[in-house]
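Heads up, model24.cif below (mmCIF, C-alpha atoms and all ligand atoms):
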data_input
loop_
_atom_site.label_atom_id
_atom_site.label_comp_id
_atom_site.auth_asym_id
_atom_site.auth_seq_id
_atom_site.Cartn_x
_atom_site.Cartn_y
_atom_site.Cartn_z
CA MET A 24 8.62 -14.64 8.54
CA GLY A 25 6.50 -16.77 6.29
CA VAL A 26 3.58 -14.44 6.76
CA THR A 27 1.28 -14.56 3.78
CA TYR A 28 -0.40 -11.34 2.90
CA SER A 29 -3.84 -11.78 1.40
CA PRO A 30 -5.95 -8.66 1.27
CA ALA A 31 -9.64 -9.41 1.32
CA GLY A 32 -10.36 -6.75 -1.25
CA PHE A 33 -14.04 -6.09 -1.38
CA ASP A 34 -15.87 -7.86 1.33
CA ASP A 35 -19.54 -7.87 2.21
CA HIS A 36 -19.05 -5.02 4.70
CA VAL A 37 -17.79 -2.68 2.00
CA ILE A 38 -20.49 -3.24 -0.61
CA GLY A 39 -21.90 0.07 -1.72
CA ARG A 40 -18.58 1.88 -1.45
CA ALA A 41 -16.76 2.93 -4.60
CA PRO A 42 -13.67 0.81 -5.24
CA ALA A 43 -10.71 2.84 -4.15
CA PHE A 44 -7.64 0.96 -3.08
CA ALA A 45 -5.42 -1.10 -5.35
CA TYR A 46 -3.78 -3.99 -3.57
CA VAL A 47 -1.10 -4.56 -6.17
CA GLY A 48 2.04 -4.04 -4.07
CA GLU A 49 2.37 -7.62 -2.76
CA ARG A 50 3.11 -6.15 0.68
CA LEU A 51 0.88 -4.21 3.03
CA TRP A 52 3.35 -1.34 3.46
CA LEU A 53 3.61 -0.89 -0.32
CA ASP A 54 -0.17 -0.91 -0.72
CA PHE A 55 -0.25 1.73 1.98
CA VAL A 56 2.30 3.86 0.10
CA ASN A 57 0.07 3.49 -2.97
CA THR A 58 -2.82 5.22 -1.22
CA ASP A 59 -0.96 8.35 -2.28
CA ASP A 60 -1.94 7.65 -5.86
CA ALA A 61 -1.83 9.47 -9.17
CA ARG A 62 -4.37 9.51 -11.99
CA ARG A 63 -3.13 10.84 -15.32
CA GLY A 64 -0.23 12.48 -13.52
CA GLN A 65 -2.49 14.19 -10.95
CA ARG A 66 -1.91 13.34 -7.30
CA VAL A 67 -4.92 11.68 -5.66
CA ASP A 68 -4.79 11.03 -1.92
CA LEU A 69 -7.02 8.03 -1.28
CA LEU A 70 -6.65 8.57 2.48
CA ARG A 71 -9.04 11.51 2.22
CA ASP A 72 -10.36 11.09 5.77
CA PHE A 73 -10.06 8.88 8.81
CA ASP A 74 -12.75 6.49 7.60
CA ALA A 75 -10.72 5.88 4.45
CA LEU A 76 -7.77 4.83 6.61
CA VAL A 77 -10.02 2.37 8.45
CA ASP A 78 -11.41 1.11 5.13
CA PHE A 79 -7.89 0.57 3.79
CA LEU A 80 -6.91 -1.55 6.81
CA ALA A 81 -10.17 -3.49 6.78
CA ASP A 82 -9.90 -4.25 3.06
CA ALA A 83 -6.30 -5.34 3.61
CA ALA A 84 -7.65 -7.81 6.20
CA VAL A 85 -5.58 -6.56 9.11
CA LEU A 86 -8.56 -5.01 10.89
CA ASP A 87 -11.72 -7.05 11.26
CA ALA A 88 -15.16 -5.64 10.50
CA GLU A 89 -16.20 -5.38 14.12
CA ARG A 90 -13.12 -3.41 15.19
CA ALA A 91 -13.34 -1.29 12.06
CA SER A 92 -16.83 -0.15 12.96
CA GLY A 93 -15.65 0.40 16.54
CA MET A 94 -12.93 2.70 15.24
CA ARG A 95 -15.42 4.62 13.10
CA ARG A 96 -17.72 5.12 16.10
CA ARG A 97 -14.81 6.28 18.22
CA ALA A 98 -13.73 8.72 15.51
CA HIS A 99 -17.19 10.30 15.67
CA GLN A 100 -16.81 10.77 19.42
CA GLN A 101 -13.19 12.00 19.23
CA PRO A 102 -12.84 13.80 15.90
CA ALA A 103 -9.65 15.64 16.89
CA GLY A 104 -7.94 12.39 17.85
CA ALA A 105 -9.03 10.77 14.59
CA THR A 106 -7.74 13.70 12.54
CA ALA A 107 -4.42 13.61 14.36
CA ALA A 108 -4.12 9.88 13.63
CA LEU A 109 -4.82 10.53 9.94
CA VAL A 110 -2.21 13.30 9.72
CA ASP A 111 0.26 11.02 11.45
CA ALA A 112 -0.52 8.13 9.10
CA ARG A 113 0.21 10.37 6.11
CA ARG A 114 3.53 11.34 7.68
CA THR A 115 4.41 7.66 8.07
CA ARG A 116 3.36 7.07 4.47
CA ALA A 117 5.75 9.75 3.20
CA ALA A 118 8.65 8.12 5.07
CA LEU A 119 7.68 4.71 3.67
CA ARG A 120 7.45 6.07 0.13
CA ALA A 121 11.02 7.32 0.43
CA LEU A 122 11.99 3.85 1.66
CA ALA A 123 10.19 2.16 -1.26
CA GLU A 124 11.66 4.45 -3.91
CA ARG A 125 15.19 4.96 -2.60
CA GLY A 126 15.72 2.42 0.18
CA ALA A 127 17.64 -0.06 -1.95
CA HIS A 128 20.33 2.51 -2.77
CA SER A 129 20.19 5.15 -0.07
CA GLU A 130 21.29 4.45 3.48
CA ARG A 131 19.79 7.81 4.45
CA ALA A 132 16.34 6.65 3.26
CA ARG A 133 16.71 3.40 5.19
CA LEU A 134 17.77 5.13 8.40
CA ASP A 135 15.03 7.77 8.14
CA ALA A 136 12.43 5.02 7.67
CA LEU A 137 13.90 3.08 10.57
CA ALA A 138 13.54 6.14 12.81
CA GLU A 139 9.91 6.50 11.70
CA ILE A 140 9.22 2.79 12.30
CA ASN A 141 10.66 2.98 15.80
CA ARG A 142 8.82 6.22 16.53
CA VAL A 143 5.50 4.52 15.82
CA LEU A 144 6.43 1.30 17.59
CA GLY A 145 7.61 3.27 20.61
CA ARG A 146 4.36 5.06 21.25
CA SER A 147 1.78 2.35 20.70
CA ALA A 148 1.36 -1.29 21.48
CA VAL A 149 -0.77 -4.07 20.08
CA THR A 150 -1.43 -7.67 20.79
CA ARG A 151 -1.75 -10.09 17.93
CA ARG A 152 -4.55 -12.56 17.41
CA VAL A 153 -5.12 -15.15 14.75
CA GLU A 154 -8.72 -15.36 13.69
CA ALA A 155 -10.69 -17.78 11.59
CA ARG A 156 -12.40 -16.03 8.71
CA ASP A 157 -15.75 -16.87 7.20
CA ASP A 158 -14.14 -18.32 4.07
CA GLY A 159 -12.18 -20.88 6.12
CA THR A 160 -8.85 -19.07 5.92
CA PHE A 161 -6.97 -17.54 8.84
CA ALA A 162 -5.72 -14.00 9.31
CA ARG A 163 -3.42 -12.27 11.77
CA MET A 164 -5.19 -9.37 13.44
CA PHE A 165 -3.71 -6.56 15.49
CA VAL A 166 -5.57 -5.47 18.60
CA PRO A 167 -4.49 -2.12 20.05
CA ILE A 168 -3.57 -1.64 23.67
CA GLY A 169 -3.86 1.92 24.93
CA ASP A 170 -4.18 4.57 22.23
CA ALA A 171 -6.22 2.73 19.61
CA PHE A 172 -5.90 5.52 17.04
CA ALA A 173 -2.11 5.56 17.23
CA ALA A 174 -1.91 1.77 17.04
CA LEU A 175 -3.97 1.48 13.84
CA ILE A 176 -0.91 1.90 11.67
CA ILE A 177 1.13 -0.82 13.42
CA PRO A 178 0.43 -3.62 10.88
CA VAL A 179 1.75 -1.32 8.13
CA ILE A 180 4.83 -0.51 10.20
CA GLU A 181 5.43 -4.20 10.93
CA SER A 182 5.24 -4.94 7.24
CA ALA A 183 7.85 -2.27 6.43
CA ALA A 184 10.05 -3.57 9.25
CA ASP A 185 9.81 -7.07 7.74
CA ALA A 186 11.03 -5.68 4.40
CA LEU A 187 14.11 -4.19 6.09
CA ILE A 188 14.79 -7.36 8.07
CA ALA A 189 14.29 -9.67 5.10
CA GLY A 190 16.38 -7.48 2.79
CA GLU A 191 13.59 -7.11 0.23
CA LEU A 192 14.19 -3.51 -0.80
CA ASP A 193 16.14 -4.36 -3.94
CA ARG A 194 13.01 -6.02 -5.33
CA VAL A 195 10.79 -3.02 -4.67
CA ARG A 196 10.07 -1.15 -7.90
CA ARG A 197 8.14 1.80 -9.11
CA CYS A 198 5.67 1.25 -11.95
CA GLY A 199 7.22 1.58 -15.41
CA ASP A 200 4.72 4.26 -16.42
CA PRO A 201 6.33 7.59 -15.45
CA ARG A 202 2.91 9.11 -14.72
CA CYS A 203 2.14 6.32 -12.26
CA THR A 204 3.52 6.57 -8.74
CA ARG A 205 2.64 3.06 -7.57
CA VAL A 206 5.27 0.82 -6.04
CA PHE A 207 5.31 -2.94 -5.72
CA LEU A 208 7.46 -5.87 -4.73
CA ASP A 209 8.62 -7.76 -7.80
CA ASP A 210 7.86 -11.34 -6.84
CA THR A 211 8.32 -12.79 -10.32
CA ARG A 212 10.93 -15.48 -10.76
CA ASN A 213 12.81 -13.56 -13.45
CA GLY A 214 12.49 -10.22 -11.66
CA ARG A 215 10.96 -8.49 -14.66
CA ARG A 216 7.63 -7.21 -13.46
CA ARG A 217 7.30 -3.68 -14.83
CA TRP A 218 3.76 -2.55 -14.20
CA CYS A 219 1.61 -1.99 -11.13
CA GLU A 220 -1.25 -3.64 -13.03
CA MET A 221 -1.49 -5.16 -16.49
CA ALA A 222 -5.11 -3.97 -16.66
CA THR A 223 -4.12 -0.30 -16.48
CA CYS A 224 -0.49 0.73 -16.96
CA GLY A 225 0.61 -2.48 -18.68
CA ASN A 226 -2.09 -2.28 -21.32
CA ARG A 227 -1.55 1.44 -21.84
CA ALA A 228 2.12 0.77 -22.58
CA LYS A 229 1.25 -2.09 -24.92
CA ALA A 230 -1.24 0.10 -26.78
CA ALA A 231 1.32 2.92 -27.05
CA ARG A 232 3.92 0.54 -28.50
CA TRP A 233 1.39 -0.77 -30.98
CA ARG A 234 0.47 2.76 -32.10
CA GLU A 235 4.16 3.65 -32.51
CA ARG A 236 4.78 0.62 -34.71
CA HIS A 237 1.58 1.16 -36.65
CA ASP A 238 2.42 4.83 -37.37
CA ALA A 239 5.99 3.93 -38.35
CA GLU A 240 4.78 1.28 -40.78
CA ALA A 241 2.17 3.64 -42.19
CA ASP A 242 4.72 6.34 -43.08
CA GLY A 243 7.37 3.85 -44.16
CA THR A 244 9.94 4.48 -41.46
CA ALA A 245 11.45 1.54 -39.64
CA PRO A 246 9.75 0.61 -36.37
CA ALA A 247 11.75 1.63 -33.34
CA ARG A 248 12.59 -1.53 -31.41
CA THR A 249 13.07 -1.09 -27.72
ZN ZN A 301 1.19 1.85 -12.82
#
Can you present the structure in this file as structure tokens?
Ligand SMILES: [Zn+2]
Amino acid sequence: MGVTYSPAGFDDHVIGRAPAFAYVGERLWLDFVNTDDARRGQRVDLLRDFDALVDFLADAAVLDAERASGMRRRAHQQPAGATAALVDARRTRAALRALAERGAHSERARLDALAEINRVLGRSAVTRRVEARDDGTFARMFVPIGDAFAALIIPVIESAADALIAGELDRVRRCGDPRCTRVFLDDTRNGRRRWCEMATCGNRAKAARWRERHDAEADGTAPART
């Protein structure tokens, strides 16, 4: 344990690409679940193609730029293999979403996720490397052995396995906005984080509360305190 998770976010190699992924989950596996996003209640799959999967892992700093471009080249040469890896990654994501949303209370969800974790671990292998990054920090990288496509998802799987082992599931929450499907680990000391992001859902809720109070005061009814 003791692994710090510090997504790089937007690095020099991704300049020119529209910002897509929100690394707000505090854990890689939760950020991965959040690639199945929602905007105004509409489902938006940010893993729209294989390159997006590679981008997600590169931005999360578990795949370095050189290997990321290697994977993209390989996907061009083996499009069927890349598509299969993407479909499989989405399957894993669905199992991990169930774990994030119900894992704390449902043994079924935990056991299903465990089966998925072991399925992925059983068919692909990686070696780990620690690499010095340009900014002077260090990052753990995963280097596939054998089927490189299948192994791409291993860092995500390891992260979910860590959550099970560390017993973190009771601090995994879904965003307080019912239209938002994002999940996150509540790392606050008082355990009261409610929103995926203050900048979006948090501010929307604050604005809605303000409007409610304002309207109530305007028509003379008592403000509803929640
Ligand atoms: Zn949200």
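Where the distance criterion is 9 Å and the atoms used are only C-alpha atoms and all ligand atoms, the residues close to ligand ZN 301 (chain A) are Ala61, Arg197, Cys198, Gly199, Asp200, Pro201, Arg202, Cys203, Thr204, Arg205, Val206, Arg217, Trp218, Cys219, Glu220, Met221, Thr223, Cys224 and Gly225 of chain A.
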Q) Between atom CA of A:Ser147 and atom CA of A:Ser29, what is the distance, to one decimal in Å? A)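 Distance reported for this atom pair: 24.6 Å.
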Report as a PDB file with C-alpha atoms, in the coordinates of the input all protein, DNA and RNA residues lying within 8 Å of A:Ala162, evaluated on all atoms listed in the file, omitting residues in the same chain fewer than 4 positions from it.
ATOM      1  CA  ALA A  84      -7.650  -7.810   6.200  1.00  0.00           C
ATOM      2  CA  VAL A  85      -5.580  -6.560   9.110  1.00  0.00           C
ATOM      3  CA  VAL A 153      -5.120 -15.150  14.750  1.00  0.00           C
ATOM      4  CA  GLU A 154      -8.720 -15.360  13.690  1.00  0.00           C
ATOM      5  CA  ALA A 155     -10.690 -17.780  11.590  1.00  0.00           C
ATOM      6  CA  ARG A 156     -12.400 -16.030   8.710  1.00  0.00           C
TER       7      ARG A 156
END
Write out as a Markdown table a residue-level contact list of stretch 162-192 of chain A versus stretch 100-106 of chain A with cut-off 10 Å: for each qualifying residue the closest pair of atoms and the distance in Å to one decimal, counting only C-alpha atoms, rows sorted by chain and residue number upward.
| residue | atom | partner | partner_atom | distance |
| --- | --- | --- | --- | --- |
| A:Asp170 | CA | A:Gly104 | CA | 9.7 |
| A:Ala171 | CA | A:Ala105 | CA | 9.9 |
| A:Phe172 | CA | A:Ala105 | CA | 6.6 |
| A:Ala173 | CA | A:Gly104 | CA | 9.0 |
Q. If you count all atoms listed in the file, which residues fall within 9 Å of A:Arg116, apart from same-chain ones fewer than 6 positions away, as a ChimeraX atom specification?
A. /A:52,55-59
If we count all atoms listed in the file and set the cut-off at 10 Å, which residues sit around A:Asp210, ignoring sequence neighbours fewer than 6 positions away in its own chain? Please answer as a PDB file with C-alpha atoms, keeping the file's coordinate frame.
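Here's the written file part20.pdb:
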ATOM      1  CA  GLY A  48       2.040  -4.040  -4.070  1.00  0.00           C
ATOM      2  CA  GLU A  49       2.370  -7.620  -2.760  1.00  0.00           C
ATOM      3  CA  ARG A 194      13.010  -6.020  -5.330  1.00  0.00           C
ATOM      4  CA  VAL A 195      10.790  -3.020  -4.670  1.00  0.00           C
ATOM      5  CA  ARG A 216       7.630  -7.210 -13.460  1.00  0.00           C
TER       6      ARG A 216
END
(Q) Between atom CA of A:Ser129 and atom CA of A:Asp111, what distance in Å does the model show, to one decimal? (A)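 Going from atom CA of A:Ser129 over to atom CA of A:Asp111, I get 23.8 Å.
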Do a neighbour search on A:Leu53 at 9 Å with all atoms listed in the file, toss out local chain neighbours closer than 6 positions, and write the hits as a compact mmCIF listing (two decimals) with C-alpha atoms, keeping the file's coordinate frame.
# COMPACT_ATOMS: atom_id res chain seq x y z
CA TYR A 46 -3.78 -3.99 -3.57
CA VAL A 47 -1.10 -4.56 -6.17
CA LEU A 119 7.68 4.71 3.67
CA ARG A 120 7.45 6.07 0.13
CA ALA A 123 10.19 2.16 -1.26
CA VAL A 179 1.75 -1.32 8.13
CA SER A 182 5.24 -4.94 7.24
CA ALA A 183 7.85 -2.27 6.43
CA VAL A 195 10.79 -3.02 -4.67
CA ARG A 205 2.64 3.06 -7.57
CA VAL A 206 5.27 0.82 -6.04
CA PHE A 207 5.31 -2.94 -5.72
CA LEU A 208 7.46 -5.87 -4.73
Q: Could you please give me, as a ChimeraX atom specification, the residues of protein, DNA or RNA lying at most 12 Å from (-7.3, -4.1, 5.6) in the coordinate frame of the file, considering all atoms listed in the file?
A: /A:28-34,36-37,44-46,50-52,54-55,75-88,90-91,162-165,175-179
Q. For A:Glu130, which residue out of A:Asp60, A:Leu187, A:Ala43, A:Asp68 is the nearest one, using all atoms listed in the file?
A.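 Result for the nearest residue to A:Glu130: A:Leu187.
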Q) Quick one, how far is atom CA of A:Glu124 from atom CA of A:Asp209? A)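 Between atom CA of A:Glu124 and atom CA of A:Asp209 the gap works out to 13.2 Å.
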Q | From A:Arg97, A:Arg71, A:Arg133, A:Arg146, residue lying nearest A:Arg113 [only C-alpha atoms] | A |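 Once distances to A:Arg113 are computed over only C-alpha atoms, the minimum belongs to A:Arg71.
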